[in-house]
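S.K.: Encoded as structure tokens, here's the structure I'll be asking about.
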Amino acid sequence: MKKFLAALMIGSLFFATTADAEVRTFKATGEDSATKIESQEVVKVRALDRAIKNALAQAGETFKTSGLAEEEISAIILNGYEIIGAAEYEQVGNNYRATVEIEIDDAQIENWIRRGDMEKFALTNAAKETQKLFEANDARLEDLRERAANMKKQDKKFFTAEFNYVNNEFLSNQKVEAGNKFAYKGRFDDAIKLYTEAITQNEYNAAAYNRRGQVYSVMAANQKVVPMAESYRRQAINDLDKATRLNNNYAEAFANRGFVYYNGKFYGQAIKDFNRAIQLEPDNAWNYIYRTQCHRPTDKNLALADFNKAIELNPKNSRMYSARGDFYEQDLSDFSKAAADYTQAIELERREELLALNYQNRGDLYRKQKTYGKAIDDYTRAIELIERSAQKPPLLAWIYRKRGECYQAVGDGAHSQADFKKFDELQRR
């Protein structure tokens, strides 16, 4: 189950491309008009940012045919676009117009579909967050410009300082957005560098601390060298502490810190953070899934209650059924309910890699119950799904091994030996 949680959030697990993928291009302009006391360089950057956002809006309309939710499309195009060539600028007085052309590969859609559910949830959260940050900054800027239009000479110093603050906030948010793009691609060191620059630009940017802490958390979970994992974990805690101090209503930062505590086996502290996250966002099913893992070692009833609540909030998510099925099987030895959950996960899942995993899980359950015929059927289906995919994960060899054991148990020596032979071949690769 820890592996289920640690496949978290950032950095795609799959980088498959589709044979008929197309690179689409979009061109747009953006403008910004400033007062005389504003930094003209920042006005130029704002014009470019608006041009990019307008091009992304065009892309969003085009990608609606993908069938994905609007927030998923926003996350894909915001993190997946590339600028073609150099932007062009026109300046008339204090007004800047920027023209930019971007490209987005259709393969981004397929890559997105193959990402883990929690990873997609985190990426859409990050995209929505930066959009809100920019909208809030724009509102402050427009209000400031209206007030500065009638400023008196003696107020110039005050308004100049105000514009500097708002501009630093904008530039800091830009670095967070750029860091998110690197994190999306699994380029964690580059992401951390930009989040750090965002903090240097604006030390009050809670989102920058949260995102950097989130990346450190993933690096800690994926690090096999214990001292390095502990170092990343400490850095994650430090950043998430800062994010929650800057914003005590930052549900995601509390959840991220809870996840770091969970990975470090500090379950009491993790539960406190998940409790706070749930208090702030009671309809977020993933926080209940996180909290189940902390209750699981000490209170099975609370863990089950959280699984049930998560599924009540998100009844169409296959991963939640497979997670509860794992809990029923491993913790409660309730094989009937475990099989029902694995079956529900199979019915809901469309991603072949996860579908294969669900068949394997149910096959393992049937093998434990010595229902060998059903186990053989499920292992066979899992093998078929994996064999026709581009990825050949290590679990494939063991599925052959387990199916061979089932054949052996029912007295089918020929099929048993064939599967054991296949297991040995795959292990040697």
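FYI, nothing fancy with the structure tokens labels: chains A, B, ... in order, residues from 1 per chain, ligands from 1 as they appear.
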Write out as CSV a residue-level contact list of region 296-375 of chain A versus region 409-423 of chain A with cut-off 12 Å: for each qualifying residue the closest pair of atoms and the distance in Å to one decimal, counting only C-alpha atoms, rows sorted by chain and residue number upward.

M.R.:
residue,atom,partner,partner_atom,distance
A:Arg367,CA,A:Ala409,CA,9.9
A:Lys368,CA,A:Ala409,CA,12.0
A:Lys370,CA,A:Ala409,CA,8.6
A:Thr371,CA,A:Val410,CA,9.9
A:Tyr372,CA,A:Val410,CA,7.2
A:Gly373,CA,A:Val410,CA,8.3
A:Lys374,CA,A:Val410,CA,11.8
A:Ala375,CA,A:Ala409,CA,11.3

S.K.: I'd like the neighbourhood of Glu203 (chain A) as a PyMOL selection string, where a residue qualifies if any of its atoms comes within 12 Å (using only C-alpha atoms), though same-chain residues fewer than 4 positions away should be ignored.

M.R.: chain A and resi 165+168-169+172-173+195-199+207-209+239+242-243+246

S.K.: So how many Å separate CA of Asn202 (chain A) and CA of Ala255 (chain A), to one decimal?

M.R.: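 Computed distance, CA of Asn202 (chain A) to CA of Ala255 (chain A), equals 23.4 Å.
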
S.K.: Return the single residue from A:Lys44, A:Lys402, A:Asn150, A:Glu329 that is closest to Gln91 (chain A), with distances computed using only C-alpha atoms.

M.R.: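 The shortest atom-to-atom distance to Gln91 (chain A) comes from A:Lys44.
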
S.K.: Can you pull out every residue within 10 Å of Val42 (chain A), counting only C-alpha atoms, but drop anything in the same chain fewer than 2 positions away, and send it as a PDB file with N, CA and C atoms, in the first residue's frame?

M.R.:
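Result went into part_22.pdb, see below:
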ATOM      1  N   ASP A  32      -0.145  44.970 -22.314  1.00  0.00           N
ATOM      2  CA  ASP A  32      -0.181  45.555 -20.985  1.00  0.00           C
ATOM      3  C   ASP A  32       0.194  47.024 -21.105  1.00  0.00           C
ATOM      4  N   ALA A  34       0.987  50.506 -18.782  1.00  0.00           N
ATOM      5  CA  ALA A  34       1.418  50.821 -17.426  1.00  0.00           C
ATOM      6  C   ALA A  34       1.481  52.319 -17.168  1.00  0.00           C
ATOM      7  N   GLU A  38       6.033  52.670 -13.281  1.00  0.00           N
ATOM      8  CA  GLU A  38       6.219  51.212 -13.238  1.00  0.00           C
ATOM      9  C   GLU A  38       7.465  50.802 -14.011  1.00  0.00           C
ATOM     10  N   SER A  39       7.987  49.627 -13.663  1.00  0.00           N
ATOM     11  CA  SER A  39       9.109  49.042 -14.393  1.00  0.00           C
ATOM     12  C   SER A  39       8.648  48.612 -15.778  1.00  0.00           C
ATOM     13  N   GLN A  40       9.252  49.203 -16.805  1.00  0.00           N
ATOM     14  CA  GLN A  40       8.858  48.865 -18.173  1.00  0.00           C
ATOM     15  C   GLN A  40       9.228  47.427 -18.536  1.00  0.00           C
ATOM     16  N   LYS A  44       6.637  44.558 -19.953  1.00  0.00           N
ATOM     17  CA  LYS A  44       6.942  43.731 -21.130  1.00  0.00           C
ATOM     18  C   LYS A  44       6.731  42.248 -20.814  1.00  0.00           C
ATOM     19  N   VAL A  45       7.159  41.826 -19.631  1.00  0.00           N
ATOM     20  CA  VAL A  45       6.989  40.429 -19.222  1.00  0.00           C
ATOM     21  C   VAL A  45       5.506  40.103 -19.046  1.00  0.00           C
ATOM     22  N   ARG A  46       4.754  41.056 -18.477  1.00  0.00           N
ATOM     23  CA  ARG A  46       3.318  40.834 -18.309  1.00  0.00           C
ATOM     24  C   ARG A  46       2.619  40.692 -19.663  1.00  0.00           C
ATOM     25  N   ALA A  47       3.030  41.494 -20.640  1.00  0.00           N
ATOM     26  CA  ALA A  47       2.436  41.396 -21.978  1.00  0.00           C
ATOM     27  C   ALA A  47       2.691  40.012 -22.569  1.00  0.00           C
ATOM     28  N   LEU A  48       3.928  39.505 -22.395  1.00  0.00           N
ATOM     29  CA  LEU A  48       4.252  38.167 -22.896  1.00  0.00           C
ATOM     30  C   LEU A  48       3.435  37.115 -22.161  1.00  0.00           C
ATOM     31  N   ASN A 164       6.537  47.937  -6.876  1.00  0.00           N
ATOM     32  CA  ASN A 164       7.648  46.981  -6.756  1.00  0.00           C
ATOM     33  C   ASN A 164       7.194  45.702  -6.057  1.00  0.00           C
ATOM     34  N   ASN A 167       4.886  43.739  -8.403  1.00  0.00           N
ATOM     35  CA  ASN A 167       5.672  43.158  -9.492  1.00  0.00           C
ATOM     36  C   ASN A 167       6.523  41.996  -9.018  1.00  0.00           C
ATOM     37  N   ASN A 168       7.112  42.109  -7.840  1.00  0.00           N
ATOM     38  CA  ASN A 168       7.886  40.993  -7.298  1.00  0.00           C
ATOM     39  C   ASN A 168       7.003  39.775  -7.061  1.00  0.00           C
ATOM     40  N   PHE A 170       4.332  39.050  -8.783  1.00  0.00           N
ATOM     41  CA  PHE A 170       4.052  38.502 -10.119  1.00  0.00           C
ATOM     42  C   PHE A 170       5.232  37.678 -10.628  1.00  0.00           C
ATOM     43  N   LEU A 171       6.440  38.226 -10.518  1.00  0.00           N
ATOM     44  CA  LEU A 171       7.628  37.519 -11.012  1.00  0.00           C
ATOM     45  C   LEU A 171       7.878  36.244 -10.213  1.00  0.00           C
TER      46      LEU A 171
END

S.K.: Looking only at the backbone, which of the residues in region 41-277 of chain A does DSSP tag as strand (DSSP E), as a list in words?

M.R.: Glu82, Ile83, Glu88, Tyr89, Glu90, Gln91, Val92, Asn95, Tyr96, Arg97, Ala98, Thr99, Val100, Glu101, Ile102, Glu103, Ile104 and Asp105 of chain A

S.K.: What residues in region 84-162 of chain A get the DSSP label alpha helix (DSSP H)? Please answer as a PyMOL selection string.

M.R.: chain A and resi 107-113+117-148+156-162

S.K.: Kindly export the residues of the current selection with C-alpha atoms, as a PDB file, in the first residue's frame.

M.R.:
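And here's selection_34.pdb as it stands now:
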ATOM      1  CA  ALA A 107       1.155  12.849 -27.069  1.00  0.00           C
ATOM      2  CA  GLN A 108       0.749  14.881 -23.871  1.00  0.00           C
ATOM      3  CA  ILE A 109      -2.823  13.576 -23.709  1.00  0.00           C
ATOM      4  CA  GLU A 110      -1.742   9.920 -23.766  1.00  0.00           C
ATOM      5  CA  ASN A 111       1.007  10.606 -21.238  1.00  0.00           C
ATOM      6  CA  TRP A 112      -1.511  12.263 -18.955  1.00  0.00           C
ATOM      7  CA  ILE A 113      -3.908   9.325 -19.103  1.00  0.00           C
ATOM      8  CA  ASP A 117      -4.494   9.428 -10.061  1.00  0.00           C
ATOM      9  CA  MET A 118      -2.928  11.215  -7.108  1.00  0.00           C
ATOM     10  CA  GLU A 119      -0.253  12.622  -9.386  1.00  0.00           C
ATOM     11  CA  LYS A 120      -2.924  14.026 -11.704  1.00  0.00           C
ATOM     12  CA  PHE A 121      -4.815  15.426  -8.736  1.00  0.00           C
ATOM     13  CA  ALA A 122      -1.706  17.259  -7.515  1.00  0.00           C
ATOM     14  CA  LEU A 123      -0.858  18.599 -10.981  1.00  0.00           C
ATOM     15  CA  THR A 124      -4.366  19.951 -11.544  1.00  0.00           C
ATOM     16  CA  ASN A 125      -4.216  21.539  -8.067  1.00  0.00           C
ATOM     17  CA  ALA A 126      -0.931  23.228  -8.950  1.00  0.00           C
ATOM     18  CA  ALA A 127      -2.341  24.555 -12.230  1.00  0.00           C
ATOM     19  CA  LYS A 128      -5.480  25.907 -10.540  1.00  0.00           C
ATOM     20  CA  GLU A 129      -3.402  27.461  -7.781  1.00  0.00           C
ATOM     21  CA  THR A 130      -1.107  29.396 -10.112  1.00  0.00           C
ATOM     22  CA  GLN A 131      -4.103  30.620 -12.097  1.00  0.00           C
ATOM     23  CA  LYS A 132      -5.639  32.003  -8.894  1.00  0.00           C
ATOM     24  CA  LEU A 133      -2.321  33.576  -7.894  1.00  0.00           C
ATOM     25  CA  PHE A 134      -2.076  35.414 -11.199  1.00  0.00           C
ATOM     26  CA  GLU A 135      -5.719  36.498 -11.063  1.00  0.00           C
ATOM     27  CA  ALA A 136      -5.265  37.906  -7.549  1.00  0.00           C
ATOM     28  CA  ASN A 137      -2.081  39.698  -8.604  1.00  0.00           C
ATOM     29  CA  ASP A 138      -3.833  41.200 -11.659  1.00  0.00           C
ATOM     30  CA  ALA A 139      -6.636  42.474  -9.441  1.00  0.00           C
ATOM     31  CA  ARG A 140      -4.151  44.115  -7.056  1.00  0.00           C
ATOM     32  CA  LEU A 141      -2.292  45.661  -9.987  1.00  0.00           C
ATOM     33  CA  GLU A 142      -5.428  47.136 -11.558  1.00  0.00           C
ATOM     34  CA  ASP A 143      -6.530  48.562  -8.212  1.00  0.00           C
ATOM     35  CA  LEU A 144      -3.086  50.057  -7.694  1.00  0.00           C
ATOM     36  CA  ARG A 145      -3.045  51.596 -11.164  1.00  0.00           C
ATOM     37  CA  GLU A 146      -6.436  53.191 -10.589  1.00  0.00           C
ATOM     38  CA  ARG A 147      -5.245  54.729  -7.338  1.00  0.00           C
ATOM     39  CA  ALA A 148      -1.925  55.819  -8.850  1.00  0.00           C
ATOM     40  CA  LYS A 156       5.287  58.884  -5.746  1.00  0.00           C
ATOM     41  CA  LYS A 157       7.675  57.085  -3.375  1.00  0.00           C
ATOM     42  CA  PHE A 158       4.812  55.199  -1.734  1.00  0.00           C
ATOM     43  CA  PHE A 159       3.295  54.083  -5.042  1.00  0.00           C
ATOM     44  CA  THR A 160       6.696  53.097  -6.446  1.00  0.00           C
ATOM     45  CA  ALA A 161       7.195  50.769  -3.465  1.00  0.00           C
ATOM     46  CA  GLU A 162       3.697  49.337  -3.946  1.00  0.00           C
TER      47      GLU A 162
END

S.K.: Do a neighbour search on region 284-289 of chain A at 8 Å with only C-alpha atoms, toss out local chain neighbours closer than 6 positions, and write the hits as a PyMOL selection string.

M.R.: chain A and resi 118+255+274+277-278+306-307+309-311+313-314+320

S.K.: I'd like the contact shell of Tyr321 (chain A) - 8 Å cut-off, only C-alpha atoms, skipping same-chain residues fewer than 2 positions apart - returned as a ChimeraX atom specification.

M.R.: /A:311,317-319,323-325,341-342,344-345

S.K.: Would you put the residues from that selection into a file with N, CA and C atoms, as a PDB file, in the first residue's frame?

M.R.:
ATOM      1  N   ILE A 311     -14.368   6.468  -0.871  1.00  0.00           N
ATOM      2  CA  ILE A 311     -15.138   5.884  -1.974  1.00  0.00           C
ATOM      3  C   ILE A 311     -16.495   6.567  -2.106  1.00  0.00           C
ATOM      4  N   ASN A 317     -13.585   6.004  -8.938  1.00  0.00           N
ATOM      5  CA  ASN A 317     -12.130   5.891  -9.014  1.00  0.00           C
ATOM      6  C   ASN A 317     -11.696   4.471  -8.686  1.00  0.00           C
ATOM      7  N   SER A 318     -11.143   3.797  -9.647  1.00  0.00           N
ATOM      8  CA  SER A 318     -10.775   2.385  -9.477  1.00  0.00           C
ATOM      9  C   SER A 318      -9.715   2.179  -8.411  1.00  0.00           C
ATOM     10  N   ARG A 319      -8.772   3.155  -8.290  1.00  0.00           N
ATOM     11  CA  ARG A 319      -7.662   2.979  -7.352  1.00  0.00           C
ATOM     12  C   ARG A 319      -8.143   2.899  -5.913  1.00  0.00           C
ATOM     13  N   ALA A 323      -7.406  -0.145  -3.445  1.00  0.00           N
ATOM     14  CA  ALA A 323      -6.757   0.110  -2.156  1.00  0.00           C
ATOM     15  C   ALA A 323      -7.560  -0.508  -1.016  1.00  0.00           C
ATOM     16  N   ARG A 324      -8.899  -0.339  -1.047  1.00  0.00           N
ATOM     17  CA  ARG A 324      -9.710  -0.935   0.011  1.00  0.00           C
ATOM     18  C   ARG A 324      -9.695  -2.460  -0.096  1.00  0.00           C
ATOM     19  N   GLY A 325      -9.661  -2.973  -1.329  1.00  0.00           N
ATOM     20  CA  GLY A 325      -9.551  -4.417  -1.508  1.00  0.00           C
ATOM     21  C   GLY A 325      -8.286  -4.966  -0.872  1.00  0.00           C
ATOM     22  N   ASP A 341     -14.183  -5.752  -4.177  1.00  0.00           N
ATOM     23  CA  ASP A 341     -13.532  -4.472  -4.482  1.00  0.00           C
ATOM     24  C   ASP A 341     -12.600  -4.582  -5.684  1.00  0.00           C
ATOM     25  N   TYR A 342     -11.837  -5.682  -5.772  1.00  0.00           N
ATOM     26  CA  TYR A 342     -10.974  -5.864  -6.937  1.00  0.00           C
ATOM     27  C   TYR A 342     -11.813  -5.961  -8.215  1.00  0.00           C
ATOM     28  N   GLN A 344     -14.748  -4.566  -8.692  1.00  0.00           N
ATOM     29  CA  GLN A 344     -15.230  -3.215  -8.994  1.00  0.00           C
ATOM     30  C   GLN A 344     -14.124  -2.376  -9.622  1.00  0.00           C
ATOM     31  N   ALA A 345     -12.906  -2.521  -9.131  1.00  0.00           N
ATOM     32  CA  ALA A 345     -11.770  -1.791  -9.708  1.00  0.00           C
ATOM     33  C   ALA A 345     -11.547  -2.194 -11.155  1.00  0.00           C
TER      34      ALA A 345
END

S.K.: Neighbouring residues of Pro394 (chain A) were defined as those with any atom within 10 Å, considering only C-alpha atoms; residues of the same chain fewer than 3 positions away were excluded. Please report them as a list in words.

M.R.: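 Once the adjacent positions are removed, what remains is Gln391, Ala397, Trp398, Ile399, Leu426 and Gln427 of chain A.
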
S.K.: If you keep N, CA and C atoms, can you produce a file of those selected residues as an mmCIF file, in the first residue's frame?

M.R.:
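Contents of the output file result_14.cif:
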data_model
loop_
_atom_site.group_PDB
_atom_site.id
_atom_site.type_symbol
_atom_site.label_atom_id
_atom_site.label_comp_id
_atom_site.auth_asym_id
_atom_site.auth_seq_id
_atom_site.Cartn_x
_atom_site.Cartn_y
_atom_site.Cartn_z
ATOM 1 N N GLN A 391 5.386 -1.376 -22.027
ATOM 2 C CA GLN A 391 6.160 -1.651 -20.824
ATOM 3 C C GLN A 391 6.088 -3.144 -20.475
ATOM 4 N N ALA A 397 7.232 -11.416 -14.782
ATOM 5 C CA ALA A 397 7.879 -12.715 -14.532
ATOM 6 C C ALA A 397 7.187 -13.439 -13.394
ATOM 7 N N TRP A 398 6.831 -12.695 -12.345
ATOM 8 C CA TRP A 398 6.236 -13.327 -11.174
ATOM 9 C C TRP A 398 4.796 -13.754 -11.420
ATOM 10 N N ILE A 399 4.120 -13.096 -12.337
ATOM 11 C CA ILE A 399 2.770 -13.553 -12.689
ATOM 12 C C ILE A 399 2.856 -14.916 -13.373
ATOM 13 N N LEU A 426 12.517 -14.540 -18.243
ATOM 14 C CA LEU A 426 12.322 -13.125 -17.919
ATOM 15 C C LEU A 426 13.251 -12.667 -16.808
ATOM 16 N N GLN A 427 13.545 -13.548 -15.866
ATOM 17 C CA GLN A 427 14.450 -13.195 -14.765
ATOM 18 C C GLN A 427 15.875 -12.985 -15.246
#

S.K.: What lies within 9 Å of Tyr328 (chain A) using only C-alpha atoms, ignoring chain neighbours under 4 positions off, as a count of residues only?

M.R.: 12

S.K.: Compare A:Phe266, A:Tyr204, A:Phe163, A:Tyr81 by their minimum atom-to-atom distance to Phe182 (chain A), counting only C-alpha atoms, and give me the closest one.

M.R.: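 Closest residue, counting only C-alpha atoms: A:Tyr81.
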
S.K.: With only C-alpha atoms as the atoms that count, which of A:Glu425, A:Glu349, A:Glu82, A:Glu405 lies nearest to Lys27 (chain A)?

M.R.: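 Closest residue, counting only C-alpha atoms: A:Glu82.
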
S.K.: Could you check the closest approach to Ala178 (chain A) for each of A:Gln408, A:Thr244, A:Thr292, A:Asn79 and tell me which residue wins, using only C-alpha atoms?

M.R.: A:Asn79

S.K.: When you count only C-alpha atoms, which of these residues is closest to Glu101 (chain A): A:Asp364, A:Asp273, A:Glu230, A:Glu88?

M.R.: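 Result for the nearest residue to Glu101 (chain A): A:Glu88.
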
S.K.: What does the distance from CA of Phe259 (chain A) to CA of Ser74 (chain A) come to in Å, to one decimal?

M.R.: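 Going from CA of Phe259 (chain A) over to CA of Ser74 (chain A), I get 25.7 Å.
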
S.K.: Interatomic distance between CA of Gly85 (chain A) and CA of Gln201 (chain A)?

M.R.: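 Computing it gives 27.0 Å between the two atoms.
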